[in-house]
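**Q** As input, take target-v6.pdb (PDB, C-alpha atoms, pLDDT in the B column):
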```
ATOM      1  CA  MET B   1      93.151 112.697 100.594  1.00 56.00           C
ATOM      2  CA  LYS B   2      92.835 116.237 101.826  1.00 69.00           C
ATOM      3  CA  LEU B   3      93.373 119.070  99.384  1.00 72.00           C
ATOM      4  CA  LYS B   4      96.357 120.373 101.353  1.00 78.00           C
ATOM      5  CA  ASN B   5      98.089 116.982 101.275  1.00 75.00           C
ATOM      6  CA  ALA B   6      97.417 116.597  97.556  1.00 74.00           C
ATOM      7  CA  ALA B   7      98.845 120.048  96.873  1.00 80.00           C
ATOM      8  CA  ILE B   8     101.988 119.238  98.852  1.00 79.00           C
ATOM      9  CA  LEU B   9     102.468 115.984  96.940  1.00 76.00           C
ATOM     10  CA  ILE B  10     102.021 117.727  93.593  1.00 77.00           C
ATOM     11  CA  ILE B  11     104.481 120.510  94.468  1.00 81.00           C
ATOM     12  CA  ARG B  12     107.062 118.003  95.714  1.00 80.00           C
ATOM     13  CA  GLY B  13     106.586 115.970  92.560  1.00 78.00           C
ATOM     14  CA  ILE B  14     107.107 119.016  90.362  1.00 79.00           C
ATOM     15  CA  LEU B  15     110.281 120.016  92.189  1.00 81.00           C
ATOM     16  CA  VAL B  16     111.841 116.573  92.433  1.00 82.00           C
ATOM     17  CA  GLY B  17     110.740 115.497  88.957  1.00 80.00           C
ATOM     18  CA  GLY B  18     111.997 118.724  87.417  1.00 80.00           C
ATOM     19  CA  LEU B  19     115.366 118.304  89.078  1.00 81.00           C
ATOM     20  CA  ILE B  20     115.715 114.682  87.992  1.00 81.00           C
ATOM     21  CA  GLY B  21     114.464 115.470  84.474  1.00 81.00           C
ATOM     22  CA  SER B  22     116.902 118.341  84.044  1.00 80.00           C
ATOM     23  CA  LEU B  23     119.838 116.285  85.304  1.00 79.00           C
ATOM     24  CA  SER B  24     119.007 113.379  83.012  1.00 79.00           C
ATOM     25  CA  ALA B  25     118.579 115.756  80.047  1.00 79.00           C
ATOM     26  CA  LEU B  26     121.904 117.373  80.860  1.00 78.00           C
ATOM     27  CA  VAL B  27     123.687 114.028  81.042  1.00 80.00           C
ATOM     28  CA  SER B  28     122.157 112.692  77.824  1.00 78.00           C
ATOM     29  CA  SER B  29     122.626 115.971  75.874  1.00 74.00           C
ATOM     30  CA  HIS B  30     118.912 116.541  75.281  1.00 73.00           C
ATOM     31  CA  ASP B  31     116.939 119.761  75.558  1.00 78.00           C
ATOM     32  CA  ILE B  32     117.003 120.711  79.250  1.00 76.00           C
ATOM     33  CA  ALA B  33     113.666 122.600  79.142  1.00 80.00           C
ATOM     34  CA  SER B  34     111.806 119.564  77.855  1.00 79.00           C
ATOM     35  CA  GLY B  35     113.522 117.432  80.497  1.00 79.00           C
ATOM     36  CA  VAL B  36     112.351 119.795  83.240  1.00 82.00           C
ATOM     37  CA  ILE B  37     108.783 119.877  81.935  1.00 81.00           C
ATOM     38  CA  GLY B  38     108.572 116.126  81.397  1.00 80.00           C
ATOM     39  CA  GLY B  39     110.155 115.346  84.726  1.00 81.00           C
ATOM     40  CA  SER B  40     107.870 117.768  86.552  1.00 82.00           C
ATOM     41  CA  VAL B  41     104.730 116.293  85.069  1.00 83.00           C
ATOM     42  CA  ALA B  42     105.879 112.720  85.660  1.00 81.00           C
ATOM     43  CA  GLY B  43     106.929 113.496  89.241  1.00 79.00           C
ATOM     44  CA  ALA B  44     103.650 115.222  90.079  1.00 79.00           C
ATOM     45  CA  VAL B  45     101.580 112.373  88.639  1.00 80.00           C
ATOM     46  CA  LEU B  46     103.693 109.710  90.340  1.00 77.00           C
ATOM     47  CA  LEU B  47     103.616 111.266  93.806  1.00 75.00           C
ATOM     48  CA  THR B  48      99.889 111.989  93.551  1.00 73.00           C
ATOM     49  CA  TRP B  49      99.278 108.380  92.514  1.00 74.00           C
ATOM     50  CA  VAL B  50     101.371 107.103  95.418  1.00 74.00           C
ATOM     51  CA  GLY B  51      99.450 109.359  97.815  1.00 71.00           C
ATOM     52  CA  LEU B  52      96.113 108.141  96.511  1.00 67.00           C
ATOM     53  CA  GLY B  53      97.281 104.536  96.803  1.00 69.00           C
ATOM     54  CA  GLY B  54      98.201 105.100 100.435  1.00 66.00           C
ATOM     55  CA  ASN B  55      94.784 106.539 101.181  1.00 64.00           C
ATOM     56  CA  ILE B  56      93.048 103.627  99.464  1.00 65.00           C
ATOM     57  CA  ALA B  57      95.093 101.189 101.569  1.00 65.00           C
ATOM     58  CA  GLU B  58      94.139 103.070 104.730  1.00 65.00           C
ATOM     59  CA  LEU B  59      90.457 102.892 103.831  1.00 64.00           C
ATOM     60  CA  ARG B  60      90.711  99.143 103.210  1.00 69.00           C
ATOM     61  CA  ASN B  61      92.410  98.644 106.588  1.00 70.00           C
ATOM     62  CA  LYS B  62      89.695 100.621 108.364  1.00 71.00           C
ATOM     63  CA  ARG B  63      87.013  98.362 106.896  1.00 66.00           C
ATOM     64  CA  ASN B  64      88.730  95.214 108.120  1.00 59.00           C
TER      65      ASN B  64
END
```
Let's see the structure in the file written out as structure tokens.
**A**
Amino acid sequence: MKLKNAAILIIRGILVGGLIGSLSALVSSHDIASGVIGGSVAGAVLLTWVGLGGNIAELRNKRN
């Protein structure tokens, strides 16, 4: 994975995860700041993991 692609995935994960975390915290009457932080971290990790998984699959296909 190139550094630029990884950075894009992390930024998208932070934005999307923060939005989802804040909305879920708002709905469930929890602290919105902690929802934003938790959602951002989870989103960044998830999208980076998905991106790495895609690159691993591409490498396996190139070998075959």
**Q** Between CA of Val36 (chain B) and CA of Thr48 (chain B), what is the spacing in Å?
**A**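 Taking CA of Thr48 (chain B) as the start and CA of Val36 (chain B) as the end point, the length is 18.0 Å.
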**Q** Could you work out how far CA of Ile8 (chain B) lies from CA of Gly39 (chain B), giving the answer in Å with one decimal?
**A**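 Straight-line distance from CA of Gly39 (chain B) to CA of Ile8 (chain B) works out to 16.8 Å.
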**Q** Determine the nearest neighbour of Ile37 (chain B) from the options B:Ser24, B:Arg12, B:Gly18, B:Trp49, counting only C-alpha atoms.
**A**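 Ranking B:Ser24, B:Arg12, B:Gly18, B:Trp49 by distance to Ile37 (chain B), first place goes to B:Gly18.
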**Q** For the file shown, what are the residues hit by the PyMOL selection byres ((chain B and resi 41) around 10), laid out as a VMD selection string?
**A** chain B and resid 10 13 to 15 17 to 18 21 35 to 40 42 to 46
**Q** Mind working out the centre and edge lengths of an axis-aligned box for region 2-8 of chain B, all listed atoms inside, 4 Å added to each side, rounded to one decimal in Å and written as JSON?
**A**
```
{"center_x": 97.4, "center_y": 118.3, "center_z": 99.3, "size_x": 17.2, "size_y": 12.1, "size_z": 13.0}
```
**Q** Just the number, please: distance in Å from CA of Ser28 (chain B) to CA of Val16 (chain B), one decimal.
**A**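 Answer for the CA of Ser28 (chain B) to CA of Val16 (chain B) separation: 18.3 Å.
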